[in-house]
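To keep things clear, I will list the structure first and then write my remarks on it.
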Amino acid sequence: MTKIVKNENLISKDQNNLKDNSRRQFLSTAGTVAAASGAAILGAPYIANAAAGKTTTWKIQTSWPGGIGLETFKAWCNSIKERTNGELAFTPFGAKDVVGDFQLFDAVKNGVIDAMNPFTLYWAGRMPAAVFLSSYPLGPRNPHEWDTFYYGLGGLQMARDLFAKFNMHYVGPIHHGPNIIHSKTPINSIDDFKGRKMRLPGGMVAELFQAAGAKTTLLPGSEIFPALEKGTIDVADYVGPAINYALGFHQVTKYISMGPAGFMSIYQPVDLMDLTVGKRSWDKLSPKMQNFVESEVHRYSDIHHATIQKADQEAWKKFDDAGTIVTRLSESDVEKFTQLAIPLWFKWANKDKDAARVFKVQLDYMMSGSLGYVTKSMIKGQKLIS
């Protein structure tokens with residue numbers, strides 16, 4: 001337990017400020033990545049109106065409980081005031097600092113905080129279509145496929161329409177990377193999930209592993225370590241190596257389970273977060289500032305993703321030094337999971353018309369010549385509501 005305390009203490013408890021060098025490092029990294037991608041608009045600073053009045057400050061809570069995810073989020077938030085010449089500022093809060101992780105939705109809706117940076121999948125119980133706003137088992141598998149959905153196939157407007165029903169504005173998706181599974185005993189095949197007490201984020205992901213025989217429970221990220229330590233669960237999915245190492249998972253588990261080579265996670269290969277703002281807070285911004293925030297979230301997604309991927313490469317070495325053993329499922333396991341997943345796709349899509357509408361766009365994309373993940377024979381007998 002000593003190690004986890006030390007790791008958490010690396011993260012400042014001052015929610016309003018980061019050290020100047022952290023901010024400068026983030027801005028330097030942002031400029032480098034933006035330039036490398038050739039996306040000039042994403043790296044361009046916002047030039048505030050000289051007549052701008054007093055600073056508008058948003059309280060924003062993330063789902064990150066620690067590690068590089070929280071550090072990157074805080075650095076980004078603390079860069080906003082300078083980059084808008086004082087017109088807008090973000091005050092960052094980590095997981096559970098203001099409200100519990102699963103209370104974020106109501107906290108933004110009711111104005112307790114101005115905005116949230118959650119894992120979008122958390123809201124599947126409130127709106128089934130949320131299952132299809134982040135990666136799901138054996139669905140679209142790479143970040144660029146999700147960018148195509150959101151920015152090329154109409155997904156961004158679909159998401160905004162969904163959240164507008166709850167008086168919120170969905171600004172945009174934020175990439176971080178695949179989820180991985182930590183276990184106290186080795187998992188070498190789909191059969192090894194039978195009878196396991198397993199933490200999952202809920203929704204379709206939980207149902208997939210239930211179909212494989214696991215006994216699942218829903219926990220926010222901040223509660224996973226103590227549950228593993230106490231033996232309440234013996235398997236846990238969470239995000240990627242860097243953050244999971246910072247949270248101390250190597251202290252309470254011996255194994256990491258992933259998909260076949262090149263397929264780190266068969267169930268959430270691109271676990272998306274987002275920035276969603278309460279309508280009252282959003283409407284107080286000028287159209288020019290709204291455009292800035294939307295472009296900034298797209299830029300931040302690139303920085304967030306690249307920063308975490310870099311940290312993940314360093315974390316794999318740390319897991320190796322800690323004696324963690326990596327096991328991989330086989331292509332045969334992927335086929336078996338796919339057979340379990342497809343009926344769940346249609347089950348969740350048919351929960352309401354919004355979910356069916358979102359999934360239909362993704363299904364057509366997966367069946368197209370661009371991807372080819374799904375064939376007509378694989379979905380024979382399945383139907384979508386209209």
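In the structure tokens, chains take the letters A, B, ... in the order shown, each chain's residues start at 1, and ligands count up from 1 in the order shown.
All residues of protein, DNA or RNA that reach within 8 Å of stretch 188-197 of chain A, judged by only C-alpha atoms and not counting those fewer than 3 positions away in the chain, are Phe209, Ala212, Gly213, Ala214, Lys215, Thr216, Thr217, Thr232, Ile233, Asp234, Val235, Ser257, Thr327, Arg328, Leu329, Ser330, Asp333, Lys336 and Phe337 of chain A.
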With N, CA, C and O atoms kept, could you save the residues just selected as a compact mmCIF listing (two decimals), in the first residue's frame?
# COMPACT_ATOMS: atom_id res chain seq x y z
N PHE A 209 -18.90 -10.24 -20.88
CA PHE A 209 -18.16 -11.11 -19.98
C PHE A 209 -19.09 -11.96 -19.11
O PHE A 209 -18.72 -13.07 -18.70
N ALA A 212 -19.67 -14.86 -21.08
CA ALA A 212 -18.50 -15.75 -21.05
C ALA A 212 -18.35 -16.44 -19.70
O ALA A 212 -17.42 -17.22 -19.51
N GLY A 213 -19.24 -16.12 -18.75
CA GLY A 213 -19.25 -16.81 -17.47
C GLY A 213 -18.71 -16.04 -16.28
O GLY A 213 -18.68 -16.56 -15.16
N ALA A 214 -18.29 -14.77 -16.47
CA ALA A 214 -17.75 -13.98 -15.37
C ALA A 214 -18.87 -13.43 -14.49
O ALA A 214 -20.00 -13.23 -14.94
N LYS A 215 -18.54 -13.17 -13.23
CA LYS A 215 -19.46 -12.51 -12.29
C LYS A 215 -19.01 -11.06 -12.20
O LYS A 215 -18.00 -10.75 -11.58
N THR A 216 -19.75 -10.16 -12.82
CA THR A 216 -19.28 -8.79 -12.99
C THR A 216 -19.85 -7.83 -11.95
O THR A 216 -20.92 -8.06 -11.40
N THR A 217 -19.09 -6.77 -11.71
CA THR A 217 -19.55 -5.70 -10.83
C THR A 217 -19.11 -4.37 -11.42
O THR A 217 -18.11 -4.29 -12.15
N THR A 232 -12.46 -8.47 -2.99
CA THR A 232 -13.84 -8.32 -3.43
C THR A 232 -13.99 -8.71 -4.89
O THR A 232 -15.00 -9.26 -5.31
N ILE A 233 -12.94 -8.41 -5.67
CA ILE A 233 -12.85 -8.84 -7.06
C ILE A 233 -11.47 -9.47 -7.26
O ILE A 233 -10.54 -9.20 -6.49
N ASP A 234 -11.34 -10.34 -8.26
CA ASP A 234 -10.02 -10.89 -8.57
C ASP A 234 -9.56 -10.60 -9.99
O ASP A 234 -8.45 -10.94 -10.38
N VAL A 235 -10.44 -9.92 -10.76
CA VAL A 235 -10.10 -9.48 -12.11
C VAL A 235 -10.66 -8.07 -12.29
O VAL A 235 -11.76 -7.78 -11.81
N SER A 257 -4.04 -9.47 -19.06
CA SER A 257 -4.59 -10.23 -20.19
C SER A 257 -4.99 -9.27 -21.31
O SER A 257 -5.64 -8.25 -21.06
N THR A 327 -0.41 -12.21 -20.69
CA THR A 327 -0.96 -13.33 -21.46
C THR A 327 -1.85 -12.78 -22.56
O THR A 327 -2.41 -11.67 -22.41
N ARG A 328 -2.00 -13.53 -23.63
CA ARG A 328 -2.80 -13.06 -24.76
C ARG A 328 -3.82 -14.12 -25.18
O ARG A 328 -3.52 -15.31 -25.19
N LEU A 329 -5.01 -13.65 -25.51
CA LEU A 329 -6.02 -14.52 -26.07
C LEU A 329 -5.64 -14.87 -27.50
O LEU A 329 -4.82 -14.20 -28.13
N SER A 330 -6.26 -15.92 -28.05
CA SER A 330 -5.95 -16.37 -29.40
C SER A 330 -7.00 -15.84 -30.39
O SER A 330 -8.04 -15.31 -30.00
N ASP A 333 -10.25 -17.35 -29.69
CA ASP A 333 -10.99 -16.67 -28.63
C ASP A 333 -11.73 -15.45 -29.17
O ASP A 333 -12.86 -15.16 -28.77
N LYS A 336 -14.86 -16.56 -30.81
CA LYS A 336 -15.87 -16.94 -29.82
C LYS A 336 -16.49 -15.71 -29.17
O LYS A 336 -17.71 -15.66 -28.96
N PHE A 337 -15.66 -14.73 -28.87
CA PHE A 337 -16.19 -13.49 -28.29
C PHE A 337 -17.07 -12.75 -29.31
O PHE A 337 -18.06 -12.14 -28.94
Tell me, counting only C-alpha atoms, for each residue of stretch 214-328 of chain A within 9 Å of stretch 117-128 of chain A, which pair of atoms is nearest and how far apart they are in Å to one decimal, in rows ordered by chain and increasing number, as JSON lines.
{"residue": "A:Asp271", "atom": "CA", "partner": "A:Phe119", "partner_atom": "CA", "distance": 7.4}
{"residue": "A:Leu272", "atom": "CA", "partner": "A:Phe119", "partner_atom": "CA", "distance": 6.1}
{"residue": "A:Met273", "atom": "CA", "partner": "A:Phe119", "partner_atom": "CA", "distance": 4.3}
{"residue": "A:Asp274", "atom": "CA", "partner": "A:Asn117", "partner_atom": "CA", "distance": 5.4}
{"residue": "A:Leu275", "atom": "CA", "partner": "A:Asn117", "partner_atom": "CA", "distance": 4.7}
{"residue": "A:Thr276", "atom": "CA", "partner": "A:Asn117", "partner_atom": "CA", "distance": 6.7}
Point to revise | Backbone DSSP call of strand (DSSP E) for stretch 18-217 of chain A, listed as number ranges by chain | key: A: 56-62, 88-93, 115-117, 168-174, 180-183, 197-200, 215-217
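The smallest atom-to-atom distance between A:Phe163 and any of A:Lys376, A:Lys288, A:Lys109, A:His298, using only C-alpha atoms, is found for A:Lys109.
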Point to revise | Residues near stretch 139-142 of chain A, cut-off 10 Å, only C-alpha atoms, skip fewer than 2 positions along chain, as a ChimeraX atom specification | key: /A:132,134-137,144-147,149,177-178,263-271,338,341-342,345,359,362-363,365-366,371,373-374
Check your understanding: Can you list, as an NGL selection string, every residue of stretch 255-322 of chain A that DSSP puts in helix (DSSP H, G or I)?
Key -> :A and (279-283 or 287-321)
Review point. Which is closer to A:Met367 than all the others in A:Asn179, A:Trp58, A:Ile379, A:Thr185, using only C-alpha atoms?
Key: A:Ile379
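The coordinates place atom CA of A:Ser295 at 16.3 Å from atom CA of A:Thr148.
Among the candidates A:Ile385, A:Ala242, A:Ile80, A:Ala236, the residue lying nearest to A:Asp354 is A:Ile385 (atoms considered: only C-alpha atoms).
Across the structure, atom CA of A:Glu294 and atom CA of A:Ala115 are spaced 13.2 Å apart.
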Exercise for review: Find the residues near A:Met116: any atom within 10 Å, counting only C-alpha atoms, skip ones fewer than 2 places away on the same chain, and give them as a PyMOL selection string.
Suggested key: chain A and resi 59-63+92-93+101+104-105+107-108+113-114+118-119+170+273-278
Write the selection just made, keeping N, CA, C and O atoms, as a CSV table (one decimal), in the first residue's frame?
chain,number,residue,atom,x,y,z
A,59,LYS,N,-15.8,25.1,-13.6
A,59,LYS,CA,-15.3,24.0,-12.8
A,59,LYS,C,-15.5,22.7,-13.6
A,59,LYS,O,-16.6,22.4,-14.0
A,60,ILE,N,-14.4,22.0,-13.9
A,60,ILE,CA,-14.5,20.8,-14.7
A,60,ILE,C,-13.9,19.6,-13.9
A,60,ILE,O,-12.8,19.6,-13.4
A,61,GLN,N,-14.7,18.5,-13.8
A,61,GLN,CA,-14.2,17.3,-13.1
A,61,GLN,C,-14.0,16.2,-14.1
A,61,GLN,O,-14.8,15.9,-15.0
A,62,THR,N,-12.9,15.5,-14.0
A,62,THR,CA,-12.5,14.4,-14.8
A,62,THR,C,-12.8,13.1,-14.1
A,62,THR,O,-12.9,13.1,-12.9
A,63,SER,N,-12.8,12.0,-14.9
A,63,SER,CA,-12.9,10.7,-14.3
A,63,SER,C,-11.5,10.1,-13.9
A,63,SER,O,-11.5,9.1,-13.3
A,92,PRO,N,-9.6,22.6,-12.8
A,92,PRO,CA,-9.7,21.1,-12.9
A,92,PRO,C,-9.9,20.5,-11.5
A,92,PRO,O,-9.3,20.9,-10.5
A,93,PHE,N,-10.7,19.4,-11.5
A,93,PHE,CA,-10.9,18.6,-10.4
A,93,PHE,C,-10.7,17.1,-10.8
A,93,PHE,O,-11.2,16.7,-11.9
A,101,ASP,N,-17.9,9.7,-9.3
A,101,ASP,CA,-17.8,9.5,-10.7
A,101,ASP,C,-19.1,9.3,-11.4
A,101,ASP,O,-19.3,9.9,-12.5
A,104,LEU,N,-21.5,12.5,-12.0
A,104,LEU,CA,-21.1,13.6,-12.9
A,104,LEU,C,-22.2,14.1,-13.8
A,104,LEU,O,-22.3,15.3,-14.0
A,105,PHE,N,-22.9,13.2,-14.3
A,105,PHE,CA,-24.0,13.5,-15.3
A,105,PHE,C,-24.9,14.5,-14.6
A,105,PHE,O,-25.2,15.5,-15.2
A,107,ALA,N,-24.5,16.2,-11.9
A,107,ALA,CA,-23.8,17.4,-11.4
A,107,ALA,C,-23.7,18.5,-12.5
A,107,ALA,O,-23.8,19.7,-12.3
A,108,VAL,N,-23.4,18.0,-13.8
A,108,VAL,CA,-23.4,19.0,-14.9
A,108,VAL,C,-24.8,19.4,-15.3
A,108,VAL,O,-25.0,20.6,-15.5
A,113,ILE,N,-21.4,21.5,-11.2
A,113,ILE,CA,-20.1,21.9,-11.9
A,113,ILE,C,-20.5,22.3,-13.3
A,113,ILE,O,-21.6,22.0,-13.8
A,114,ASP,N,-19.6,23.0,-14.0
A,114,ASP,CA,-19.9,23.5,-15.4
A,114,ASP,C,-19.7,22.4,-16.4
A,114,ASP,O,-20.5,22.4,-17.4
A,118,PRO,N,-15.7,12.7,-18.6
A,118,PRO,CA,-15.9,11.3,-18.1
A,118,PRO,C,-15.6,10.3,-19.2
A,118,PRO,O,-15.3,10.7,-20.4
A,119,PHE,N,-15.7,9.0,-18.8
A,119,PHE,CA,-15.7,7.9,-19.8
A,119,PHE,C,-17.2,7.9,-20.3
A,119,PHE,O,-18.1,7.6,-19.6
A,170,TYR,N,-22.5,18.3,-25.7
A,170,TYR,CA,-21.4,17.4,-26.0
A,170,TYR,C,-20.4,18.2,-26.9
A,170,TYR,O,-20.7,18.4,-28.1
A,273,MET,N,-13.2,9.1,-23.9
A,273,MET,CA,-13.7,10.1,-23.0
A,273,MET,C,-14.4,11.2,-23.8
A,273,MET,O,-14.4,11.2,-25.0
A,274,ASP,N,-14.8,12.3,-23.1
A,274,ASP,CA,-15.4,13.4,-23.8
A,274,ASP,C,-15.3,14.6,-22.9
A,274,ASP,O,-15.0,14.6,-21.7
A,275,LEU,N,-15.7,15.8,-23.5
A,275,LEU,CA,-15.9,17.0,-22.7
A,275,LEU,C,-17.4,17.4,-23.0
A,275,LEU,O,-17.8,17.6,-24.1
A,276,THR,N,-18.2,17.4,-21.9
A,276,THR,CA,-19.6,17.8,-22.0
A,276,THR,C,-19.8,18.9,-21.0
A,276,THR,O,-19.4,18.9,-19.9
A,277,VAL,N,-20.6,19.9,-21.5
A,277,VAL,CA,-20.8,21.2,-20.7
A,277,VAL,C,-22.3,21.4,-20.5
A,277,VAL,O,-23.1,21.1,-21.3
A,278,GLY,N,-22.6,21.9,-19.3
A,278,GLY,CA,-24.0,22.3,-19.0
A,278,GLY,C,-24.5,23.4,-20.0
A,278,GLY,O,-23.7,24.3,-20.3
Exercise for review: Go through A:Ile256, A:Asp97, A:Leu88, A:Gln210 and flag the residue nearest A:Ser286, using only C-alpha atoms for the distances.
Suggested key: A:Leu88
Point to revise | Spatial neighbours of A:Ala315, max dist 9 Å, only C-alpha atoms, sep filter under 2 positions, as a PyMOL selection string | key: chain A and resi 241-246+310-313+317-320
Can those selected residues be exported to a file as a PDB file, in the first residue's frame so that it contains N, CA, C and O atoms?
ATOM      1  N   PRO A 241      -1.641   0.844 -19.488  1.00  0.00           N
ATOM      2  CA  PRO A 241      -0.546   0.510 -18.585  1.00  0.00           C
ATOM      3  C   PRO A 241      -0.057   1.647 -17.702  1.00  0.00           C
ATOM      4  O   PRO A 241       0.184   1.450 -16.510  1.00  0.00           O
ATOM      5  N   ALA A 242       0.114   2.845 -18.256  1.00  0.00           N
ATOM      6  CA  ALA A 242       0.705   3.941 -17.485  1.00  0.00           C
ATOM      7  C   ALA A 242      -0.153   4.304 -16.276  1.00  0.00           C
ATOM      8  O   ALA A 242       0.342   4.413 -15.148  1.00  0.00           O
ATOM      9  N   ILE A 243      -1.428   4.497 -16.515  1.00  0.00           N
ATOM     10  CA  ILE A 243      -2.314   4.911 -15.427  1.00  0.00           C
ATOM     11  C   ILE A 243      -2.538   3.759 -14.456  1.00  0.00           C
ATOM     12  O   ILE A 243      -2.540   3.944 -13.233  1.00  0.00           O
ATOM     13  N   ASN A 244      -2.683   2.558 -14.967  1.00  0.00           N
ATOM     14  CA  ASN A 244      -2.896   1.412 -14.082  1.00  0.00           C
ATOM     15  C   ASN A 244      -1.681   1.144 -13.203  1.00  0.00           C
ATOM     16  O   ASN A 244      -1.823   0.744 -12.043  1.00  0.00           O
ATOM     17  N   TYR A 245      -0.485   1.387 -13.745  1.00  0.00           N
ATOM     18  CA  TYR A 245       0.713   1.227 -12.915  1.00  0.00           C
ATOM     19  C   TYR A 245       0.747   2.299 -11.825  1.00  0.00           C
ATOM     20  O   TYR A 245       1.055   2.011 -10.662  1.00  0.00           O
ATOM     21  N   ALA A 246       0.419   3.546 -12.217  1.00  0.00           N
ATOM     22  CA  ALA A 246       0.416   4.633 -11.229  1.00  0.00           C
ATOM     23  C   ALA A 246      -0.597   4.374 -10.119  1.00  0.00           C
ATOM     24  O   ALA A 246      -0.399   4.791  -8.978  1.00  0.00           O
ATOM     25  N   LYS A 310       2.817   7.450 -25.027  1.00  0.00           N
ATOM     26  CA  LYS A 310       4.241   7.531 -24.685  1.00  0.00           C
ATOM     27  C   LYS A 310       4.473   6.976 -23.272  1.00  0.00           C
ATOM     28  O   LYS A 310       5.393   6.181 -23.041  1.00  0.00           O
ATOM     29  N   ALA A 311       3.631   7.386 -22.343  1.00  0.00           N
ATOM     30  CA  ALA A 311       3.771   6.914 -20.963  1.00  0.00           C
ATOM     31  C   ALA A 311       3.545   5.403 -20.873  1.00  0.00           C
ATOM     32  O   ALA A 311       4.164   4.721 -20.053  1.00  0.00           O
ATOM     33  N   ASP A 312       2.647   4.886 -21.713  1.00  0.00           N
ATOM     34  CA  ASP A 312       2.393   3.442 -21.710  1.00  0.00           C
ATOM     35  C   ASP A 312       3.649   2.650 -22.064  1.00  0.00           C
ATOM     36  O   ASP A 312       3.914   1.582 -21.490  1.00  0.00           O
ATOM     37  N   GLN A 313       4.424   3.160 -23.022  1.00  0.00           N
ATOM     38  CA  GLN A 313       5.637   2.447 -23.419  1.00  0.00           C
ATOM     39  C   GLN A 313       6.625   2.356 -22.254  1.00  0.00           C
ATOM     40  O   GLN A 313       7.293   1.338 -22.063  1.00  0.00           O
ATOM     41  N   LYS A 317       7.764  -1.416 -19.188  1.00  0.00           N
ATOM     42  CA  LYS A 317       9.039  -1.795 -18.580  1.00  0.00           C
ATOM     43  C   LYS A 317       8.896  -1.921 -17.059  1.00  0.00           C
ATOM     44  O   LYS A 317       9.483  -2.809 -16.436  1.00  0.00           O
ATOM     45  N   LYS A 318       8.105  -1.044 -16.476  1.00  0.00           N
ATOM     46  CA  LYS A 318       7.900  -1.075 -15.027  1.00  0.00           C
ATOM     47  C   LYS A 318       7.123  -2.326 -14.618  1.00  0.00           C
ATOM     48  O   LYS A 318       7.428  -2.947 -13.596  1.00  0.00           O
ATOM     49  N   PHE A 319       6.105  -2.680 -15.403  1.00  0.00           N
ATOM     50  CA  PHE A 319       5.363  -3.907 -15.110  1.00  0.00           C
ATOM     51  C   PHE A 319       6.289  -5.125 -15.208  1.00  0.00           C
ATOM     52  O   PHE A 319       6.203  -6.050 -14.396  1.00  0.00           O
ATOM     53  N   ASP A 320       7.147  -5.113 -16.199  1.00  0.00           N
ATOM     54  CA  ASP A 320       8.085  -6.219 -16.366  1.00  0.00           C
ATOM     55  C   ASP A 320       9.019  -6.325 -15.156  1.00  0.00           C
ATOM     56  O   ASP A 320       9.255  -7.414 -14.622  1.00  0.00           O
TER      57      ASP A 320
END
Check your understanding: How many Å separate atom CA of A:Val297 from atom CA of A:Ala129?
Key -> 21.6 Å
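Ranking A:Met168, A:Gly262, A:Ala159, A:Pro343 by their shortest atom-to-atom distance to A:Gly381, with only C-alpha atoms included, puts A:Pro343 first.
The nearest approach to A:Ser301 among the residues A:Gly172, A:Pro201, A:Gly86, A:Gly323, with only C-alpha atoms taken into account, belongs to A:Gly172.
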